[in-house]
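Trainee: So here's entry-v3.txt, just compact mmCIF, C-alpha atoms and all ligand atoms:
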# COMPACT_ATOMS: atom_id res chain seq x y z
CA MET F 3 52.85 -1.23 -45.55
CA ASN F 4 50.21 -3.95 -45.99
CA ASP F 5 52.80 -6.68 -46.52
CA ASP F 6 53.25 -9.66 -44.26
CA SER F 7 55.86 -8.01 -42.04
CA TYR F 8 53.28 -5.53 -40.72
CA ASN F 9 51.49 -6.28 -37.41
CA PHE F 10 47.85 -6.10 -38.54
CA GLU F 11 46.55 -7.59 -35.33
CA ALA F 12 48.04 -4.75 -33.27
CA HIS F 13 46.92 -2.17 -35.86
CA TRP F 14 43.28 -3.24 -35.74
CA ASN F 15 43.17 -3.87 -31.99
CA ASN F 16 44.44 -0.36 -31.51
CA ALA F 17 41.80 1.08 -33.89
CA TYR F 18 38.99 -0.40 -31.78
CA LEU F 19 40.62 0.42 -28.42
CA LYS F 20 41.17 4.09 -29.20
CA THR F 21 37.86 4.95 -30.93
CA PRO F 22 34.27 4.40 -29.76
CA THR F 23 32.43 2.08 -32.17
CA GLU F 24 29.99 4.75 -33.40
CA ASN F 25 32.88 7.04 -34.43
CA LEU F 26 34.74 4.47 -36.54
CA GLY F 27 34.93 5.47 -40.21
CA TRP F 28 33.11 2.29 -41.27
CA TYR F 29 30.37 2.32 -38.60
CA GLU F 30 26.89 1.69 -40.03
CA GLU F 31 23.87 2.22 -37.83
CA ASN F 32 21.70 0.35 -40.31
CA PRO F 33 23.51 -2.08 -42.64
CA MET F 34 20.65 -1.90 -45.17
CA GLN F 35 22.54 -2.97 -48.28
CA SER F 36 23.86 -6.12 -46.59
CA LEU F 37 20.40 -6.96 -45.24
CA GLU F 38 18.84 -6.45 -48.68
CA LEU F 39 21.26 -8.95 -50.24
CA ILE F 40 20.90 -11.40 -47.34
CA ASN F 41 17.09 -11.29 -47.82
CA GLU F 42 17.59 -12.21 -51.50
CA CYS F 43 19.21 -15.49 -50.38
CA ASN F 44 15.94 -16.73 -48.78
CA LEU F 45 17.86 -18.64 -46.15
CA PRO F 46 16.18 -20.63 -43.38
CA ASN F 47 16.62 -19.22 -39.85
CA ASP F 48 19.15 -21.91 -38.90
CA ALA F 49 21.37 -21.28 -41.94
CA LEU F 50 25.07 -21.02 -41.05
CA ILE F 51 26.11 -17.40 -41.58
CA PHE F 52 29.78 -16.38 -41.44
CA ASN F 53 30.76 -12.74 -41.06
CA ALA F 54 34.42 -12.25 -42.07
CA GLY F 55 36.24 -9.38 -40.34
CA ALA F 56 33.03 -8.39 -38.60
CA GLY F 57 34.58 -5.77 -36.32
CA ALA F 58 31.87 -4.33 -34.09
CA THR F 59 29.23 -4.39 -36.84
CA THR F 60 25.56 -3.77 -36.08
CA LEU F 61 24.71 -6.46 -38.65
CA ILE F 62 24.80 -9.28 -36.10
CA ASN F 63 22.11 -7.68 -33.92
CA ARG F 64 19.97 -7.12 -37.04
CA LEU F 65 20.40 -10.77 -38.08
CA LEU F 66 19.42 -11.96 -34.61
CA GLU F 67 16.38 -9.64 -34.66
CA ASN F 68 15.44 -11.15 -38.02
CA GLY F 69 15.44 -14.63 -36.51
CA TYR F 70 18.78 -16.07 -37.67
CA THR F 71 20.16 -18.39 -35.00
CA ASN F 72 23.45 -19.81 -36.28
CA ILE F 73 26.13 -17.20 -36.78
CA ILE F 74 29.93 -17.29 -36.79
CA VAL F 75 31.69 -13.99 -36.32
CA ASN F 76 35.38 -13.50 -37.06
CA ASP F 77 37.95 -10.74 -36.71
CA ILE F 78 41.72 -10.44 -36.37
CA ALA F 79 41.16 -8.00 -33.48
CA ALA F 80 39.99 -9.49 -30.19
CA SER F 81 39.08 -5.96 -29.02
CA ALA F 82 36.58 -5.63 -31.89
CA LEU F 83 34.86 -8.89 -31.01
CA THR F 84 34.68 -7.88 -27.33
CA ASP F 85 32.88 -4.68 -28.39
CA LEU F 86 30.61 -6.70 -30.67
CA LYS F 87 29.80 -9.24 -27.96
CA ASN F 88 28.93 -6.43 -25.53
CA SER F 89 26.64 -4.81 -28.11
CA LEU F 90 24.46 -7.88 -28.68
CA THR F 91 20.98 -7.32 -27.30
CA ALA F 92 18.79 -9.50 -29.50
CA ASN F 93 17.89 -13.18 -29.03
CA LYS F 94 20.27 -14.34 -26.29
CA ASP F 95 19.39 -17.98 -27.08
CA ALA F 96 20.84 -17.87 -30.59
CA LYS F 97 24.18 -19.51 -31.30
CA VAL F 98 26.85 -16.88 -32.00
CA GLN F 99 30.41 -18.19 -32.19
CA PHE F 100 33.36 -15.77 -32.06
CA ILE F 101 36.65 -16.62 -33.80
CA VAL F 102 39.70 -14.39 -33.46
CA ASP F 103 41.83 -15.38 -36.44
CA ASP F 104 43.58 -13.93 -39.49
CA LEU F 105 41.72 -14.53 -42.76
CA THR F 106 45.03 -14.40 -44.64
CA LYS F 107 46.82 -16.86 -42.33
CA PRO F 108 43.95 -18.94 -41.04
CA THR F 109 44.35 -21.53 -38.31
CA GLU F 110 41.05 -22.02 -36.47
CA LEU F 111 39.20 -20.75 -39.54
CA LEU F 112 40.48 -23.78 -41.46
CA ASN F 113 37.82 -25.78 -39.57
CA LEU F 114 35.00 -23.81 -41.20
CA LYS F 115 32.69 -25.85 -43.38
CA ASN F 116 29.13 -25.94 -44.72
CA ILE F 117 28.77 -22.17 -44.65
CA ASP F 118 25.44 -21.07 -46.18
CA LEU F 119 26.40 -17.41 -46.38
CA TRP F 120 29.80 -15.68 -46.30
CA HIS F 121 29.50 -11.92 -45.71
CA ASP F 122 32.41 -9.48 -45.98
CA ARG F 123 32.05 -5.72 -45.87
CA ALA F 124 35.28 -3.72 -46.07
CA VAL F 125 37.75 -6.48 -45.21
CA LEU F 126 39.00 -8.13 -48.43
CA HIS F 127 40.08 -4.76 -49.84
CA PHE F 128 42.86 -4.55 -47.21
CA PHE F 129 44.52 -7.66 -48.64
CA THR F 130 46.90 -6.02 -51.08
CA GLU F 131 49.30 -8.95 -51.44
CA GLU F 132 48.70 -11.85 -53.85
CA ASN F 133 49.37 -14.45 -51.12
CA GLN F 134 46.85 -12.77 -48.78
CA GLN F 135 44.13 -12.80 -51.47
CA LYS F 136 44.94 -16.39 -52.35
CA ALA F 137 44.57 -17.52 -48.73
CA TYR F 138 41.27 -15.64 -48.44
CA PHE F 139 39.70 -17.12 -51.57
CA ASN F 140 41.01 -20.60 -50.74
CA LEU F 141 39.14 -20.30 -47.45
CA ILE F 142 35.92 -19.31 -49.23
CA ASN F 143 36.30 -22.30 -51.56
CA LYS F 144 36.88 -24.63 -48.64
CA ALA F 145 34.16 -23.30 -46.36
CA VAL F 146 31.17 -22.25 -48.49
CA LYS F 147 28.88 -25.12 -49.45
CA VAL F 148 27.44 -25.73 -52.90
CA ASP F 149 24.23 -23.63 -53.15
CA GLY F 150 25.72 -21.30 -50.51
CA PHE F 151 26.10 -17.54 -51.02
CA VAL F 152 28.93 -14.99 -50.88
CA ILE F 153 28.41 -11.26 -50.33
CA LEU F 154 31.41 -9.02 -50.99
CA ALA F 155 31.17 -5.27 -50.34
CA GLN F 156 34.43 -3.38 -50.92
CA PHE F 157 35.63 0.08 -52.04
CA ASN F 158 34.90 0.36 -55.77
CA LEU F 159 37.19 1.61 -58.53
CA GLU F 160 36.16 5.24 -57.86
CA GLY F 161 36.55 4.69 -54.11
CA ALA F 162 39.16 5.75 -51.57
CA LYS F 163 42.66 4.30 -51.88
CA LYS F 164 43.21 4.05 -48.13
CA CYS F 165 41.22 3.27 -45.01
CA CYS F 166 42.33 3.31 -41.36
CA GLY F 167 45.85 4.26 -42.52
CA LEU F 168 46.20 1.16 -44.73
CA ASN F 169 46.32 0.84 -48.52
CA VAL F 170 43.37 -0.88 -50.18
CA VAL F 171 42.70 -2.68 -53.46
CA ASN F 172 39.74 -1.14 -55.28
CA TYR F 173 37.29 -3.65 -56.78
CA ASN F 174 34.59 -4.03 -59.40
CA VAL F 175 32.27 -6.99 -59.85
CA GLU F 176 34.41 -8.52 -62.62
CA MET F 177 37.38 -8.62 -60.23
CA PHE F 178 35.26 -10.42 -57.61
CA GLN F 179 34.12 -12.93 -60.23
CA ASN F 180 37.65 -13.45 -61.44
CA LYS F 181 38.87 -14.19 -57.92
CA LEU F 182 35.93 -16.46 -57.04
CA GLY F 183 36.11 -18.43 -60.28
CA ASN F 184 33.48 -20.20 -62.36
CA ASN F 185 31.91 -22.11 -59.46
CA PHE F 186 30.27 -18.87 -58.29
CA GLN F 187 27.43 -17.27 -60.22
CA LEU F 188 26.73 -13.55 -59.94
CA LEU F 189 23.15 -12.86 -58.78
CA LYS F 190 23.21 -9.14 -58.08
CA SER F 191 25.62 -6.20 -57.89
CA PHE F 192 25.33 -2.46 -57.26
CA ASN F 193 27.42 0.53 -56.29
CA TYR F 194 26.59 2.33 -53.06
CA THR F 195 27.79 5.59 -51.54
CA TYR F 196 28.22 5.20 -47.80
CA THR F 197 28.26 8.29 -45.56
CA GLN F 198 30.70 8.03 -42.67
CA PRO F 199 29.90 9.31 -39.14
CA SER F 200 32.13 12.32 -40.05
CA GLY F 201 29.91 13.14 -43.06
CA ASN F 202 32.54 12.08 -45.63
CA THR F 203 31.52 9.55 -48.24
CA ARG F 204 32.98 6.22 -49.38
CA GLU F 205 32.16 4.45 -52.66
CA TYR F 206 31.43 0.72 -52.39
CA VAL F 207 30.55 -2.10 -54.77
CA TYR F 208 28.19 -4.73 -53.28
CA SER F 209 27.90 -8.12 -55.01
CA LEU F 210 25.98 -11.31 -54.26
CA PHE F 211 27.19 -14.66 -55.67
CA LYS F 212 25.80 -18.17 -55.42
CA ARG F 213 28.01 -21.25 -55.41
CA THR F 214 26.86 -23.59 -58.14
CA ALA F 215 29.49 -26.36 -57.99
C1 LIG F 301 36.90 -1.46 -42.10
S1 LIG F 301 36.62 -2.63 -40.87
C2 LIG F 301 35.04 -3.31 -41.32
C3 LIG F 301 34.39 -4.01 -40.16
C4 LIG F 301 33.00 -4.62 -40.48
N1 LIG F 301 33.09 -5.59 -41.54
C5 LIG F 301 31.99 -3.57 -40.80
O1 LIG F 301 31.50 -3.53 -41.93
O2 LIG F 301 31.69 -2.78 -39.89
C6 LIG F 301 37.74 -3.92 -41.32
C7 LIG F 301 37.71 -5.07 -40.33
O3 LIG F 301 38.50 -6.15 -40.83
C8 LIG F 301 39.24 -6.71 -39.76
N2 LIG F 301 40.41 -7.36 -40.35
C9 LIG F 301 41.43 -6.76 -41.00
N3 LIG F 301 42.32 -7.67 -41.44
C10 LIG F 301 41.84 -8.89 -41.06
C11 LIG F 301 42.32 -10.22 -41.22
N4 LIG F 301 43.46 -10.47 -41.85
N5 LIG F 301 41.56 -11.23 -40.71
C12 LIG F 301 40.39 -10.97 -40.06
N6 LIG F 301 39.90 -9.72 -39.88
C13 LIG F 301 40.61 -8.70 -40.37
C14 LIG F 301 39.58 -5.49 -38.90
O4 LIG F 301 39.94 -5.80 -37.58
C15 LIG F 301 38.28 -4.71 -38.99
O5 LIG F 301 37.37 -5.08 -37.99
Please go through the file and, once you have read it, give me the structure as structure tokens.
Ligand SMILES: C[S@@+](CC[C@H](N)C(=O)[O-])C[C@H]1O[C@@H](n2cnc3c(N)ncnc32)[C@H](O)[C@@H]1O
Mentor:
Amino acid sequence: MNDDSYNFEAHWNNAYLKTPTENLGWYEENPMQSLELINECNLPNDALIFNAGAGATTLINRLLENGYTNIIVNDIAASALTDLKNSLTANKDAKVQFIVDDLTKPTELLNLKNIDLWHDRAVLHFFTEENQQKAYFNLINKAVKVDGFVILAQFNLEGAKKCCGLNVVNYNVEMFQNKLGNNFQLLKSFNYTYTQPSGNTREYVYSLFKRTA
């Protein structure tokens, strides 16, 4: 189902078109765990922050409120980024760039460089095929600068096996490290139980890495 023949763009566009943002299974009113890890990075306000598969996340408003001014937001679904754009209330002067592109078959994303922070919550785990994962981690290696940071937050080994009708790969921190390779040093990792708008729970692993070479 998650192989390359499937139309992921249509799948995700449809998810955002048919459901109000606050009712999506992954909606977070306060993305506290992400913000905690981002704070650990001690980045200057003009650091280049990339949010992979951002959907309609509330994180971008929080980052703008916290003074960050240089943010690139990506998703495969244009409908998600339209919702996100419409939700932005904080700091209208900040630079927020929107890129509709597929992380597993990047075109415009291939131009990314000098990223200070790559943030991905609940996106990588949908890439069940080896070639999809390879493309994703190649992009990280190309785009994240030395001394930059990577935050990965995905369903953990005890977590759900599906989300939004798609299969997922369940992760632990060793699997992240293995995929990132020796140029990335683990700084922090924890498990977190997220409660969905429906009241159901989802088990995540959050990890923060720093690029050392
Ligand atoms: C479960 S949602 C998480 C959204 C957001 N990261 C959050 O935490 O609210 C997964 C997101 O990944 C996006 N996505 C899925 N496959 C993608 C791909 N190949 N390239 C870019 N984005 C993708 C979807 O459109 C969706 O917005």
Trainee: My list of candidates is F:Thr21, F:Asn116, F:Asn72, F:Asn63. Which is closest to Ala92 in chain F when distances are computed with all atoms listed in the file?
Mentor: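 Of the candidates, the smallest distance to Ala92 in chain F is held by F:Asn63.
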Trainee: When you look at range 174-190 of chain F with a cut-off of 9 Å (counting all atoms listed in the file), what residues show up, excluding the ones that are within fewer than 3 positions of it in the same chain? I need them as a PyMOL selection string.
Mentor: chain F and resi 39+135-136+139+142-143+148+151-152+154+156-159+207-215
Trainee: How would you report the residues lying within 7 Å of ligand LIG 301 (chain F), as an MDAnalysis selection string, if you count all atoms listed in the file?
Mentor: chainID F and resid 10 14:15 28:30 54:59 76:79 82 103:106 122:125 128
Trainee: Find the residue from F:Thr197, F:Gln134, F:Asn202, F:Asn9 that sits nearest to Val171 in chain F; use all atoms listed in the file when measuring.
Mentor: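 Checking each of F:Thr197, F:Gln134, F:Asn202, F:Asn9 against Val171 in chain F, counting all atoms listed in the file, the winner is F:Gln134.
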Trainee: Between CA of Leu126 in chain F and CA of Gly27 in chain F, what is the spacing in Å?
Mentor: 16.4 Å
Trainee: Take the point (26.7, -14.6, -34.5) in the file's coordinates, draw a sphere of radius 6 Å around it, and report as an MDAnalysis selection string every protein, DNA or RNA residue with an atom inside or on it, counting all atoms listed in the file.
Mentor: chainID F and resid 62 73:75 98:99
Trainee: Select all residues near (27.1, -24.9, -47.6) (cut-off 10 Å, inclusive, file coordinates), counting all atoms listed in the file, and output them as JSON, numbers by chain.
Mentor: {"F": [49, 50, 51, 115, 116, 117, 118, 119, 120, 144, 145, 146, 147, 148, 149, 150, 151, 213]}
Trainee: Residues of the last selection are to be written out with C-alpha atoms, as a compact mmCIF listing (two decimals), in the coordinates of the input.
Mentor:
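Once written, out.txt looks like this:
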# COMPACT_ATOMS: atom_id res chain seq x y z
CA ALA F 49 21.37 -21.28 -41.94
CA LEU F 50 25.07 -21.02 -41.05
CA ILE F 51 26.11 -17.40 -41.58
CA LYS F 115 32.69 -25.85 -43.38
CA ASN F 116 29.13 -25.94 -44.72
CA ILE F 117 28.77 -22.17 -44.65
CA ASP F 118 25.44 -21.07 -46.18
CA LEU F 119 26.40 -17.41 -46.38
CA TRP F 120 29.80 -15.68 -46.30
CA LYS F 144 36.88 -24.63 -48.64
CA ALA F 145 34.16 -23.30 -46.36
CA VAL F 146 31.17 -22.25 -48.49
CA LYS F 147 28.88 -25.12 -49.45
CA VAL F 148 27.44 -25.73 -52.90
CA ASP F 149 24.23 -23.63 -53.15
CA GLY F 150 25.72 -21.30 -50.51
CA PHE F 151 26.10 -17.54 -51.02
CA ARG F 213 28.01 -21.25 -55.41
Trainee: Report as a list in words all protein, DNA and RNA residues lying within 9 Å of Ser89 in chain F, evaluated on only C-alpha atoms, omitting residues in the same chain fewer than 2 positions from it.
Mentor: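 With the cut-off at 9 Å, the set is Ala58, Thr60, Asn63, Thr84, Asp85, Leu86, Lys87 and Thr91 of chain F.
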Trainee: Mind giving me the straight-line distance from CA of Ala155 in chain F to CA of His127 in chain F in Å, one decimal?
Mentor: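 Calculated distance between CA of Ala155 in chain F and CA of His127 in chain F is 8.9 Å.
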Trainee: For CA of Asn16 in chain F and CA of Val170 in chain F, quote the distance in Å rounded to one decimal.
Mentor: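 About the pair CA of Asn16 in chain F and CA of Val170 in chain F: they are 18.7 Å apart.
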Trainee: Residues within 9 Å of Leu37 in chain F, please, as a short mmCIF file (atom, residue, chain, number, x, y, z; two decimals) with C-alpha atoms, in the frame of the given file. Count all atoms listed in the file; anything in the same chain fewer than 3 positions from it doesn't count.
Mentor:
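File written: out_0.cif
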data_model
loop_
_atom_site.label_atom_id
_atom_site.label_comp_id
_atom_site.auth_asym_id
_atom_site.auth_seq_id
_atom_site.Cartn_x
_atom_site.Cartn_y
_atom_site.Cartn_z
CA ASN F 32 21.70 0.35 -40.31
CA PRO F 33 23.51 -2.08 -42.64
CA MET F 34 20.65 -1.90 -45.17
CA ILE F 40 20.90 -11.40 -47.34
CA ASN F 41 17.09 -11.29 -47.82
CA GLU F 42 17.59 -12.21 -51.50
CA LEU F 61 24.71 -6.46 -38.65
CA ARG F 64 19.97 -7.12 -37.04
CA LEU F 65 20.40 -10.77 -38.08
#
